[in-house]
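Containing compact mmCIF, C-alpha atoms: target25.txt.
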```
# COMPACT_ATOMS: atom_id res chain seq x y z
CA MET A 1 -241.47 -230.88 58.38
CA ARG A 2 -243.66 -233.98 58.64
CA ALA A 3 -247.02 -233.67 56.96
CA ALA A 4 -249.92 -235.66 55.58
CA ARG A 5 -250.13 -235.41 51.79
CA PHE A 6 -251.95 -236.89 48.84
CA HIS A 7 -250.25 -237.16 45.43
CA GLU A 8 -253.41 -237.86 43.47
CA TYR A 9 -257.14 -237.49 44.01
CA GLY A 10 -258.72 -240.54 45.57
CA GLY A 11 -259.90 -242.23 48.74
CA ALA A 12 -258.63 -241.77 52.27
CA GLU A 13 -256.02 -244.47 51.61
CA SER A 14 -254.24 -242.01 49.28
CA LEU A 15 -253.03 -240.03 52.29
CA VAL A 16 -249.41 -240.60 53.30
CA ILE A 17 -247.16 -239.19 56.03
CA GLU A 18 -243.90 -237.82 54.63
CA ASP A 19 -241.48 -234.92 54.66
CA ALA A 20 -242.64 -231.69 53.00
CA PRO A 21 -241.02 -228.25 52.57
CA ASP A 22 -241.32 -225.87 55.50
CA PRO A 23 -243.70 -222.95 54.78
CA HIS A 24 -242.87 -219.38 55.75
CA PRO A 25 -245.22 -216.45 56.42
CA GLY A 26 -245.57 -213.56 54.05
CA PRO A 27 -246.57 -210.01 55.02
CA GLY A 28 -249.52 -210.01 57.41
CA GLU A 29 -249.16 -213.72 58.18
CA ILE A 30 -247.77 -215.83 61.01
CA ARG A 31 -246.48 -219.38 61.23
CA VAL A 32 -247.42 -221.75 64.02
CA ARG A 33 -245.91 -225.00 65.18
CA LEU A 34 -249.11 -227.00 65.23
CA ALA A 35 -250.41 -228.99 68.14
CA ALA A 36 -253.57 -230.09 66.32
CA ALA A 37 -255.56 -229.50 63.13
CA SER A 38 -259.22 -230.12 62.41
CA VAL A 39 -260.95 -232.19 59.73
CA ASN A 40 -263.68 -230.42 57.77
CA PRO A 41 -265.95 -231.63 54.95
CA ILE A 42 -264.03 -229.53 52.43
CA ASP A 43 -260.85 -231.47 53.31
CA TRP A 44 -262.06 -234.87 52.16
CA LYS A 45 -264.00 -233.37 49.24
CA LEU A 46 -260.80 -231.75 47.97
CA ARG A 47 -258.81 -234.96 48.51
CA ALA A 48 -261.42 -237.01 46.64
CA GLY A 49 -261.34 -234.61 43.68
CA ALA A 50 -265.00 -233.66 44.06
CA LEU A 51 -264.09 -229.95 43.88
CA HIS A 52 -261.19 -230.11 41.44
CA GLN A 53 -262.94 -227.99 38.79
CA LEU A 54 -263.90 -225.31 41.32
CA ILE A 55 -260.71 -225.43 43.41
CA PRO A 56 -257.86 -227.03 41.46
CA LEU A 57 -254.91 -228.06 43.62
CA ASP A 58 -251.20 -228.28 42.96
CA LEU A 59 -250.37 -231.86 43.90
CA PRO A 60 -249.04 -233.21 46.16
CA ALA A 61 -251.24 -231.32 48.61
CA ILE A 62 -251.51 -231.22 52.39
CA PRO A 63 -255.14 -231.41 53.57
CA GLY A 64 -256.63 -229.11 56.19
CA ARG A 65 -257.58 -225.50 56.56
CA ASP A 66 -257.41 -224.71 60.28
CA GLY A 67 -255.44 -225.58 63.37
CA ALA A 68 -253.93 -224.44 66.66
CA GLY A 69 -250.44 -224.20 68.05
CA VAL A 70 -247.65 -221.88 69.13
CA VAL A 71 -246.37 -218.95 67.06
CA ASP A 72 -242.80 -219.54 65.86
CA GLU A 73 -242.39 -217.07 62.97
CA ILE A 74 -244.00 -213.70 62.25
CA GLY A 75 -244.36 -211.99 58.87
CA ASP A 76 -243.80 -208.32 58.11
CA GLY A 77 -246.39 -205.87 59.39
CA VAL A 78 -247.92 -208.18 61.98
CA GLN A 79 -248.67 -206.68 65.40
CA GLY A 80 -250.34 -207.91 68.56
CA VAL A 81 -248.80 -211.38 68.60
CA ASN A 82 -245.43 -212.69 69.80
CA ILE A 83 -243.28 -215.75 69.34
CA GLY A 84 -244.51 -218.38 71.78
CA ASP A 85 -248.16 -217.22 71.92
CA ARG A 86 -250.87 -219.89 71.72
CA VAL A 87 -253.17 -219.14 68.79
CA PHE A 88 -255.76 -220.81 66.58
CA GLY A 89 -256.88 -219.85 63.13
CA LEU A 90 -257.10 -220.36 59.39
CA GLY A 91 -254.69 -220.67 56.51
CA GLY A 92 -255.43 -221.53 52.91
CA VAL A 93 -257.79 -224.26 51.73
CA THR A 94 -254.95 -226.76 52.24
CA GLY A 95 -251.82 -227.07 54.36
CA ALA A 96 -252.97 -227.63 57.93
CA VAL A 97 -252.20 -231.28 58.72
CA ALA A 98 -248.49 -230.71 59.19
CA GLU A 99 -245.99 -229.69 61.83
CA LEU A 100 -245.98 -226.08 60.56
CA LEU A 101 -248.87 -223.97 59.25
CA VAL A 102 -249.04 -220.39 57.97
CA LEU A 103 -252.12 -218.52 59.20
CA SER A 104 -253.68 -215.48 57.57
CA ALA A 105 -256.37 -215.13 60.27
CA TRP A 106 -255.97 -215.98 63.94
CA ALA A 107 -256.83 -215.20 67.54
CA HIS A 108 -255.21 -215.97 70.87
CA THR A 109 -256.36 -219.28 72.31
CA PRO A 110 -258.39 -218.91 75.53
CA ALA A 111 -256.74 -220.53 78.55
CA ALA A 112 -259.91 -222.56 79.04
CA TRP A 113 -259.40 -224.45 75.74
CA ASN A 114 -256.99 -227.31 75.23
CA ASP A 115 -255.15 -227.70 71.92
CA GLU A 116 -257.75 -230.03 70.40
CA GLN A 117 -260.61 -227.66 71.24
CA ALA A 118 -258.68 -224.70 69.81
CA ALA A 119 -257.99 -226.65 66.61
CA GLY A 120 -261.69 -227.37 66.24
CA ALA A 121 -262.70 -223.74 66.63
CA GLY A 122 -261.31 -222.06 63.53
CA LEU A 123 -263.47 -222.88 60.53
CA ALA A 124 -266.46 -223.91 62.65
CA SER A 125 -266.65 -220.63 64.56
CA VAL A 126 -266.22 -218.27 61.59
CA THR A 127 -268.77 -220.26 59.58
CA ALA A 128 -271.30 -220.31 62.42
CA MET A 129 -270.81 -216.65 63.27
CA GLY A 130 -271.05 -215.61 59.62
CA GLY A 131 -274.38 -217.40 59.30
CA LEU A 132 -275.72 -215.99 62.55
CA ASN A 133 -274.57 -212.45 61.76
CA ALA A 134 -276.50 -212.57 58.48
CA LEU A 135 -279.70 -213.06 60.49
CA GLY A 136 -279.29 -209.90 62.57
CA SER A 137 -279.84 -209.53 66.28
CA LEU A 138 -280.43 -212.80 68.12
CA ALA A 139 -281.51 -211.56 71.54
CA GLY A 140 -285.08 -212.54 72.36
CA ARG A 141 -285.60 -214.39 69.06
CA THR A 142 -286.29 -218.07 68.41
CA LEU A 143 -283.70 -219.64 66.13
CA LEU A 144 -283.90 -222.99 64.38
CA VAL A 145 -280.54 -224.62 63.61
CA GLU A 146 -280.73 -227.40 61.03
CA GLY A 147 -277.94 -229.94 61.61
CA ALA A 148 -277.24 -228.70 65.12
CA ALA A 149 -275.00 -231.56 66.28
CA GLY A 150 -272.23 -231.14 63.69
CA GLY A 151 -269.10 -229.05 64.02
CA VAL A 152 -270.63 -225.84 62.67
CA GLY A 153 -274.10 -226.54 64.04
CA SER A 154 -272.93 -227.13 67.61
CA ALA A 155 -270.84 -223.95 67.48
CA ALA A 156 -273.85 -222.01 66.19
CA VAL A 157 -276.05 -223.33 69.01
CA GLU A 158 -273.68 -222.26 71.78
CA ILE A 159 -272.90 -218.89 70.23
CA ALA A 160 -276.59 -218.13 69.61
CA VAL A 161 -277.52 -219.09 73.18
CA ALA A 162 -274.73 -216.83 74.44
CA ARG A 163 -276.25 -214.00 72.37
CA GLY A 164 -279.66 -214.42 73.94
CA ALA A 165 -281.53 -216.57 71.43
CA THR A 166 -283.87 -219.42 72.20
CA VAL A 167 -282.48 -222.23 70.05
CA ILE A 168 -284.21 -225.28 68.65
CA GLY A 169 -281.84 -227.71 66.97
CA THR A 170 -282.47 -230.63 64.65
CA ALA A 171 -280.45 -233.82 64.94
CA SER A 172 -280.89 -237.57 65.08
CA GLU A 173 -282.33 -238.83 68.35
CA ARG A 174 -278.98 -240.19 69.51
CA ASN A 175 -277.72 -236.57 69.62
CA HIS A 176 -280.66 -235.02 71.50
CA GLU A 177 -278.99 -235.22 74.91
CA PHE A 178 -275.91 -233.59 73.38
CA LEU A 179 -278.02 -230.70 72.04
CA THR A 180 -279.64 -230.24 75.43
CA SER A 181 -276.18 -229.93 76.99
CA LEU A 182 -275.42 -227.10 74.54
CA GLY A 183 -278.54 -225.19 75.58
CA ALA A 184 -280.81 -226.11 72.66
CA VAL A 185 -284.25 -227.68 72.57
CA PRO A 186 -283.76 -230.80 70.39
CA THR A 187 -286.04 -232.23 67.75
CA THR A 188 -285.63 -234.63 64.85
CA TYR A 189 -285.22 -233.47 61.25
CA GLY A 190 -287.19 -234.60 58.23
CA PRO A 191 -290.93 -234.93 57.47
CA GLY A 192 -293.26 -233.38 60.01
CA LEU A 193 -290.76 -230.76 61.22
CA ALA A 194 -293.26 -227.91 60.95
CA GLN A 195 -295.75 -229.81 63.11
CA ARG A 196 -293.12 -230.61 65.75
CA LEU A 197 -292.03 -226.98 65.82
CA ALA A 198 -295.61 -225.82 66.30
CA THR A 199 -295.54 -227.63 69.64
CA LEU A 200 -292.02 -226.61 70.64
CA ALA A 201 -292.35 -222.97 69.53
CA PRO A 202 -296.06 -222.03 69.63
CA HIS A 203 -295.21 -218.39 68.84
CA GLY A 204 -293.27 -219.44 65.74
CA ILE A 205 -289.69 -219.57 64.50
CA ASP A 206 -288.17 -216.13 63.92
CA ILE A 207 -285.03 -217.16 62.03
CA ALA A 208 -283.33 -220.32 60.78
CA LEU A 209 -279.76 -221.37 60.03
CA ASP A 210 -279.03 -224.32 57.75
CA THR A 211 -275.71 -226.05 58.41
CA ALA A 212 -276.60 -229.44 56.95
CA ALA A 213 -277.41 -229.18 53.20
CA SER A 214 -279.99 -231.89 53.79
CA GLY A 215 -282.44 -230.63 51.17
CA SER A 216 -284.62 -228.93 53.76
CA LEU A 217 -284.07 -225.31 52.75
CA ASP A 218 -287.50 -224.92 51.12
CA ASP A 219 -289.08 -226.15 54.36
CA LEU A 220 -286.98 -223.78 56.46
CA VAL A 221 -288.09 -220.80 54.37
CA ALA A 222 -291.72 -221.87 54.72
CA ILE A 223 -291.29 -222.28 58.49
CA ALA A 224 -289.59 -218.89 58.94
CA GLY A 225 -292.04 -217.20 56.55
CA ASP A 226 -289.46 -215.18 54.62
CA PRO A 227 -286.23 -216.23 52.83
CA LYS A 228 -284.46 -213.25 54.41
CA ARG A 229 -285.05 -214.87 57.79
CA VAL A 230 -283.04 -217.90 56.68
CA ALA A 231 -279.29 -218.29 56.20
CA THR A 232 -277.39 -221.27 54.83
CA VAL A 233 -273.72 -222.07 55.10
CA ALA A 234 -274.12 -225.40 53.31
CA ASP A 235 -276.65 -225.25 50.43
CA HIS A 236 -275.44 -222.39 48.25
CA ALA A 237 -277.44 -223.32 45.17
CA GLY A 238 -280.65 -223.68 47.15
CA GLY A 239 -280.04 -220.45 49.02
CA GLN A 240 -279.52 -218.49 45.82
CA ARG A 241 -282.61 -220.04 44.26
CA LEU A 242 -284.78 -219.11 47.23
CA GLY A 243 -283.26 -215.73 48.04
CA ALA A 244 -281.97 -216.77 51.46
CA HIS A 245 -278.71 -215.48 52.92
CA VAL A 246 -275.82 -217.50 51.49
CA VAL A 247 -272.73 -217.36 53.68
CA ASN A 248 -269.19 -218.46 52.80
CA ALA A 249 -266.59 -219.10 55.47
CA ALA A 250 -264.05 -216.29 55.61
CA ASN A 251 -260.55 -215.98 57.06
CA ASP A 252 -261.73 -213.34 59.50
CA SER A 253 -259.62 -212.50 62.55
CA PRO A 254 -262.33 -210.39 64.27
CA LEU A 255 -264.75 -213.35 64.12
CA LEU A 256 -262.07 -215.63 65.58
CA SER A 257 -261.43 -213.10 68.34
CA ALA A 258 -265.15 -212.95 69.10
CA ALA A 259 -265.21 -216.75 69.40
CA ALA A 260 -262.16 -216.65 71.66
CA ASP A 261 -263.83 -214.03 73.85
CA LEU A 262 -266.86 -216.28 74.29
CA GLY A 263 -264.51 -219.17 75.04
CA GLY A 264 -262.69 -217.17 77.68
CA ARG A 265 -266.01 -216.42 79.35
CA GLY A 266 -267.09 -220.05 79.29
CA ARG A 267 -269.87 -219.41 76.77
CA TYR A 268 -268.43 -221.40 73.86
CA THR A 269 -266.43 -224.62 74.05
CA PRO A 270 -265.64 -226.43 70.78
CA ARG A 271 -266.93 -229.98 71.06
CA ILE A 272 -264.52 -232.72 69.97
CA GLU A 273 -266.01 -236.05 69.06
CA GLN A 274 -262.80 -237.83 68.11
CA ALA A 275 -259.08 -237.06 68.11
CA TYR A 276 -256.66 -239.06 65.93
CA PRO A 277 -252.85 -239.08 65.82
CA LEU A 278 -251.24 -237.84 62.61
CA GLU A 279 -250.43 -241.38 61.55
CA ARG A 280 -254.15 -242.23 61.47
CA ILE A 281 -255.33 -239.34 59.31
CA ALA A 282 -256.73 -241.81 56.77
CA ASP A 283 -259.01 -243.21 59.49
CA ALA A 284 -260.05 -239.67 60.44
CA HIS A 285 -260.97 -238.81 56.85
CA ALA A 286 -262.87 -242.07 56.40
CA TYR A 287 -264.82 -241.39 59.60
CA ALA A 288 -265.60 -237.83 58.54
CA GLU A 289 -266.82 -238.97 55.13
CA ARG A 290 -269.43 -241.19 56.75
CA GLY A 291 -271.05 -238.02 58.15
CA ARG A 292 -273.37 -237.67 61.14
CA THR A 293 -270.53 -236.54 63.38
CA ARG A 294 -271.14 -234.95 66.77
CA GLY A 295 -268.91 -231.90 67.07
CA LYS A 296 -265.45 -231.88 65.50
CA ILE A 297 -262.84 -234.41 64.43
CA VAL A 298 -259.24 -233.34 65.01
CA ILE A 299 -255.74 -234.58 64.19
CA CYS A 300 -253.11 -234.36 66.92
CA ILE A 301 -249.80 -233.36 65.37
```

Represent the structure contained in this file as structure tokens.
Amino acid sequence: MRAARFHEYGGAESLVIEDAPDPHPGPGEIRVRLAAASVNPIDWKLRAGALHQLIPLDLPAIPGRDGAGVVDEIGDGVQGVNIGDRVFGLGGVTGAVAELLVLSAWAHTPAAWNDEQAAGAGLASVTAMGGLNALGSLAGRTLLVEGAAGGVGSAAVEIAVARGATVIGTASERNHEFLTSLGAVPTTYGPGLAQRLATLAPHGIDIALDTAASGSLDDLVAIAGDPKRVATVADHAGGQRLGAHVVNAANDSPLLSAAADLGGRGRYTPRIEQAYPLERIADAHAYAERGRTRGKIVICI
């Protein structure tokens, strides 16, 4: 199969397109012929070697954790999916930017989503839902999402709105119209946030979700009034220090199915900022590393 790989840790220019061995599913897994894969922060951090002590890789490695395509091989014990089904989901921490990907968690792709949207839904939706679920019931509550324009943040906004929350989202001013289109009330992040929220939410913020790791977690806890009313999917050290909910992304098929259900009902549509062909994966990684993305970046296989 053709795949993107890096043979040593380094910059985006270390990525090359070459032949790699075909993977095959083990028990409880499926293999998909990928249409598209997404780019997540962990992908370029792993490629750069920033996480090599925490997550050592066998090099050469294929970047990418999630994608979407058509099932072409099914492992032992798998039920509820057939060859030819459109699915999206998650594999290991690497392996996704290739023609073939083994998934350990997946859901059927809603007809309303194209391949790029489905590719952008995997890690973003399970991360967002995990953070939201840690905060309990959302109906009738006011939720603050820090970093609401990013891939996880934008998913969290739409999912929370679908669950009945009033959502206020922080983002740079250039993304305020985008947040409004998702159903959130936008505001800027940084100094003076508590004062701005006092105007936007005079009855207070009930719960807060940090998706940005921008150093604001202390402020979010002060705004919500209790660390147990705050969850972070991005600042694990800060969350543990403060006693907030710390959420790790999980390869969770029920969460993916819940996201797909919302997608099928038109309540959640993964937002794609930029799609790159496989041959331009280095450009996609370089763009992602600059940060401040709106929605997801995907690679079309």

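CA of Pro254 (chain A) is positioned 18.1 Å from CA of Glu158 (chain A).
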
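Counting all atoms listed in the file, the residue from A:Ile17, A:Val145, A:Ala155, A:Leu179 that sits nearest to Val126 (chain A) is A:Ala155.
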
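The gap separating CA of Leu256 (chain A) from CA of Ala208 (chain A) is 22.3 Å, in Å to one decimal.
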
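CA of Ala258 (chain A) is positioned 17.7 Å from CA of Asp85 (chain A).
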
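The closest residue to Val93 (chain A), picked from A:Leu209, A:Val233, A:Ala249, A:Ala184 and counting only C-alpha atoms, is A:Ala249.
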
- Surrounding residues of Ala149 (chain A) excluding itself and chain neighbours under 3 positions, 7 Å, all atoms listed in the file, as JSON, numbers by chain: {"A": [153, 154, 171, 175, 179, 294, 295]}

- Enumerate, as a PyMOL selection string, the protein, DNA and RNA residues whose atoms approach (-280.9, -235.7, 66.2) to within 12 Å, taking into account all atoms listed in the file and the coordinate frame of the file. chain A and resi 145-150+153-154+168-180+184-190+212+292-294

- Query: Within 10 Å of Pro191 (chain A), counting all atoms listed in the file, which residues qualify if same-chain residues fewer than 4 places away don't, as a PyMOL selection string?
  - Reply: chain A and resi 195-196+216+219

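Closest approach to Leu144 (chain A) from the set A:Ala231, A:Met129, A:Val87, A:Leu123 is made by A:Ala231, with distances taken over only C-alpha atoms.
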
- Note on the structure: Between A:Ala194, A:Leu220, A:Leu100, A:Ile159, smallest distance to Ala124 (chain A) by only C-alpha atoms belongs to A:Ile159

- Task: Starting from the point (-274.3, -225.7, 51.2), work out which residues of protein, DNA or RNA have an atom no more than 12 Å away when counting all atoms listed in the file; state them as an MDAnalysis selection string.
- Result: chainID A and resid 41:42 127 131 146:147 209:217 231:240 244:249

- All residues 9 Å or closer to Gly67 (chain A), only C-alpha atoms, same chain fewer than 5 positions away omitted, as a PyMOL selection string: chain A and resi 32+34-38+87-91+96-97+101+103+115-116+118-123+298

- Query: Glu18 (chain A): which residues within 12 Å, counting only C-alpha atoms, same-chain residues fewer than 3 positions away excluded, as number ranges by chain?
  - Reply: A: 1-7, 15, 21, 60-62, 97-99, 278-279

Would you kindly place all heavy atoms on region 289-300 of chain A and return the model as a PDB file, in the frame of the given file?
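Written out: selection18.pdb:
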```pdb
ATOM      1  N   GLU A 289    -266.037-238.770  56.348  1.00  0.00           N
ATOM      2  CA  GLU A 289    -266.820-238.970  55.130  1.00  0.00           C
ATOM      3  C   GLU A 289    -268.134-239.681  55.394  1.00  0.00           C
ATOM      4  O   GLU A 289    -269.108-239.505  54.647  1.00  0.00           O
ATOM      5  CB  GLU A 289    -266.011-239.756  54.101  1.00  0.00           C
ATOM      6  CG  GLU A 289    -265.039-238.908  53.317  1.00  0.00           C
ATOM      7  CD  GLU A 289    -264.451-239.667  52.148  1.00  0.00           C
ATOM      8  OE1 GLU A 289    -265.160-239.843  51.132  1.00  0.00           O
ATOM      9  OE2 GLU A 289    -263.277-240.073  52.250  1.00  0.00           O
ATOM     10  N   ARG A 290    -268.187-240.485  56.438  1.00  0.00           N
ATOM     11  CA  ARG A 290    -269.430-241.190  56.750  1.00  0.00           C
ATOM     12  C   ARG A 290    -270.503-240.247  57.266  1.00  0.00           C
ATOM     13  O   ARG A 290    -271.690-240.582  57.272  1.00  0.00           O
ATOM     14  CB  ARG A 290    -269.169-242.307  57.765  1.00  0.00           C
ATOM     15  CG  ARG A 290    -268.365-243.464  57.187  1.00  0.00           C
ATOM     16  CD  ARG A 290    -268.426-244.688  58.070  1.00  0.00           C
ATOM     17  NE  ARG A 290    -267.687-244.532  59.312  1.00  0.00           N
ATOM     18  CZ  ARG A 290    -266.401-244.843  59.466  1.00  0.00           C
ATOM     19  NH1 ARG A 290    -265.702-245.300  58.433  1.00  0.00           N
ATOM     20  NH2 ARG A 290    -265.810-244.697  60.630  1.00  0.00           N
ATOM     21  N   GLY A 291    -270.098-239.039  57.716  1.00  0.00           N
ATOM     22  CA  GLY A 291    -271.050-238.020  58.150  1.00  0.00           C
ATOM     23  C   GLY A 291    -271.645-238.318  59.518  1.00  0.00           C
ATOM     24  O   GLY A 291    -271.218-239.222  60.228  1.00  0.00           O
ATOM     25  N   ARG A 292    -272.646-237.502  59.885  1.00  0.00           N
ATOM     26  CA  ARG A 292    -273.370-237.670  61.140  1.00  0.00           C
ATOM     27  C   ARG A 292    -272.450-237.587  62.355  1.00  0.00           C
ATOM     28  O   ARG A 292    -272.636-238.284  63.355  1.00  0.00           O
ATOM     29  CB  ARG A 292    -274.147-238.987  61.145  1.00  0.00           C
ATOM     30  CG  ARG A 292    -275.132-239.118  60.004  1.00  0.00           C
ATOM     31  CD  ARG A 292    -275.706-240.503  59.901  1.00  0.00           C
ATOM     32  NE  ARG A 292    -276.587-240.802  61.008  1.00  0.00           N
ATOM     33  CZ  ARG A 292    -277.881-240.493  61.065  1.00  0.00           C
ATOM     34  NH1 ARG A 292    -278.435-239.843  60.053  1.00  0.00           N
ATOM     35  NH2 ARG A 292    -278.619-240.809  62.097  1.00  0.00           N
ATOM     36  N   THR A 293    -271.438-236.713  62.253  1.00  0.00           N
ATOM     37  CA  THR A 293    -270.530-236.540  63.380  1.00  0.00           C
ATOM     38  C   THR A 293    -271.176-235.640  64.436  1.00  0.00           C
ATOM     39  O   THR A 293    -272.073-234.855  64.157  1.00  0.00           O
ATOM     40  CB  THR A 293    -269.198-235.924  62.934  1.00  0.00           C
ATOM     41  OG1 THR A 293    -269.454-234.681  62.282  1.00  0.00           O
ATOM     42  CG2 THR A 293    -268.468-236.856  61.986  1.00  0.00           C
ATOM     43  N   ARG A 294    -270.682-235.779  65.642  1.00  0.00           N
ATOM     44  CA  ARG A 294    -271.140-234.950  66.770  1.00  0.00           C
ATOM     45  C   ARG A 294    -269.987-234.051  67.162  1.00  0.00           C
ATOM     46  O   ARG A 294    -269.015-234.503  67.756  1.00  0.00           O
ATOM     47  CB  ARG A 294    -271.565-235.841  67.927  1.00  0.00           C
ATOM     48  CG  ARG A 294    -271.994-235.072  69.163  1.00  0.00           C
ATOM     49  CD  ARG A 294    -272.178-236.004  70.342  1.00  0.00           C
ATOM     50  NE  ARG A 294    -273.216-237.002  70.096  1.00  0.00           N
ATOM     51  CZ  ARG A 294    -273.528-237.974  70.958  1.00  0.00           C
ATOM     52  NH1 ARG A 294    -272.884-238.068  72.101  1.00  0.00           N
ATOM     53  NH2 ARG A 294    -274.486-238.826  70.665  1.00  0.00           N
ATOM     54  N   GLY A 295    -270.051-232.776  66.814  1.00  0.00           N
ATOM     55  CA  GLY A 295    -268.910-231.900  67.070  1.00  0.00           C
ATOM     56  C   GLY A 295    -267.834-232.104  66.017  1.00  0.00           C
ATOM     57  O   GLY A 295    -268.101-232.440  64.873  1.00  0.00           O
ATOM     58  N   LYS A 296    -266.583-231.924  66.428  1.00  0.00           N
ATOM     59  CA  LYS A 296    -265.450-231.880  65.500  1.00  0.00           C
ATOM     60  C   LYS A 296    -264.581-233.138  65.598  1.00  0.00           C
ATOM     61  O   LYS A 296    -264.500-233.792  66.630  1.00  0.00           O
ATOM     62  CB  LYS A 296    -264.574-230.671  65.813  1.00  0.00           C
ATOM     63  CG  LYS A 296    -265.242-229.340  65.536  1.00  0.00           C
ATOM     64  CD  LYS A 296    -265.353-229.050  64.058  1.00  0.00           C
ATOM     65  CE  LYS A 296    -263.993-228.939  63.420  1.00  0.00           C
ATOM     66  NZ  LYS A 296    -264.089-228.530  61.998  1.00  0.00           N
ATOM     67  N   ILE A 297    -263.896-233.407  64.481  1.00  0.00           N
ATOM     68  CA  ILE A 297    -262.840-234.410  64.430  1.00  0.00           C
ATOM     69  C   ILE A 297    -261.525-233.652  64.278  1.00  0.00           C
ATOM     70  O   ILE A 297    -261.411-232.742  63.457  1.00  0.00           O
ATOM     71  CB  ILE A 297    -263.035-235.354  63.231  1.00  0.00           C
ATOM     72  CG1 ILE A 297    -264.377-236.090  63.356  1.00  0.00           C
ATOM     73  CG2 ILE A 297    -261.890-236.349  63.120  1.00  0.00           C
ATOM     74  CD1 ILE A 297    -264.777-236.821  62.100  1.00  0.00           C
ATOM     75  N   VAL A 298    -260.512-234.034  65.074  1.00  0.00           N
ATOM     76  CA  VAL A 298    -259.240-233.340  65.010  1.00  0.00           C
ATOM     77  C   VAL A 298    -258.094-234.338  64.872  1.00  0.00           C
ATOM     78  O   VAL A 298    -258.221-235.511  65.228  1.00  0.00           O
ATOM     79  CB  VAL A 298    -259.000-232.437  66.239  1.00  0.00           C
ATOM     80  CG1 VAL A 298    -260.054-231.343  66.316  1.00  0.00           C
ATOM     81  CG2 VAL A 298    -258.964-233.240  67.519  1.00  0.00           C
ATOM     82  N   ILE A 299    -256.979-233.824  64.340  1.00  0.00           N
ATOM     83  CA  ILE A 299    -255.740-234.580  64.190  1.00  0.00           C
ATOM     84  C   ILE A 299    -254.709-233.996  65.136  1.00  0.00           C
ATOM     85  O   ILE A 299    -254.410-232.794  65.077  1.00  0.00           O
ATOM     86  CB  ILE A 299    -255.207-234.493  62.742  1.00  0.00           C
ATOM     87  CG1 ILE A 299    -256.281-234.894  61.731  1.00  0.00           C
ATOM     88  CG2 ILE A 299    -253.940-235.336  62.589  1.00  0.00           C
ATOM     89  CD1 ILE A 299    -256.690-236.324  61.791  1.00  0.00           C
ATOM     90  N   CYS A 300    -254.156-234.819  66.002  1.00  0.00           N
ATOM     91  CA  CYS A 300    -253.110-234.360  66.920  1.00  0.00           C
ATOM     92  C   CYS A 300    -251.759-234.498  66.235  1.00  0.00           C
ATOM     93  O   CYS A 300    -251.354-235.590  65.840  1.00  0.00           O
ATOM     94  CB  CYS A 300    -253.130-235.172  68.210  1.00  0.00           C
ATOM     95  SG  CYS A 300    -254.675-235.006  69.127  1.00  0.00           S
TER      96      CYS A 300
END
```
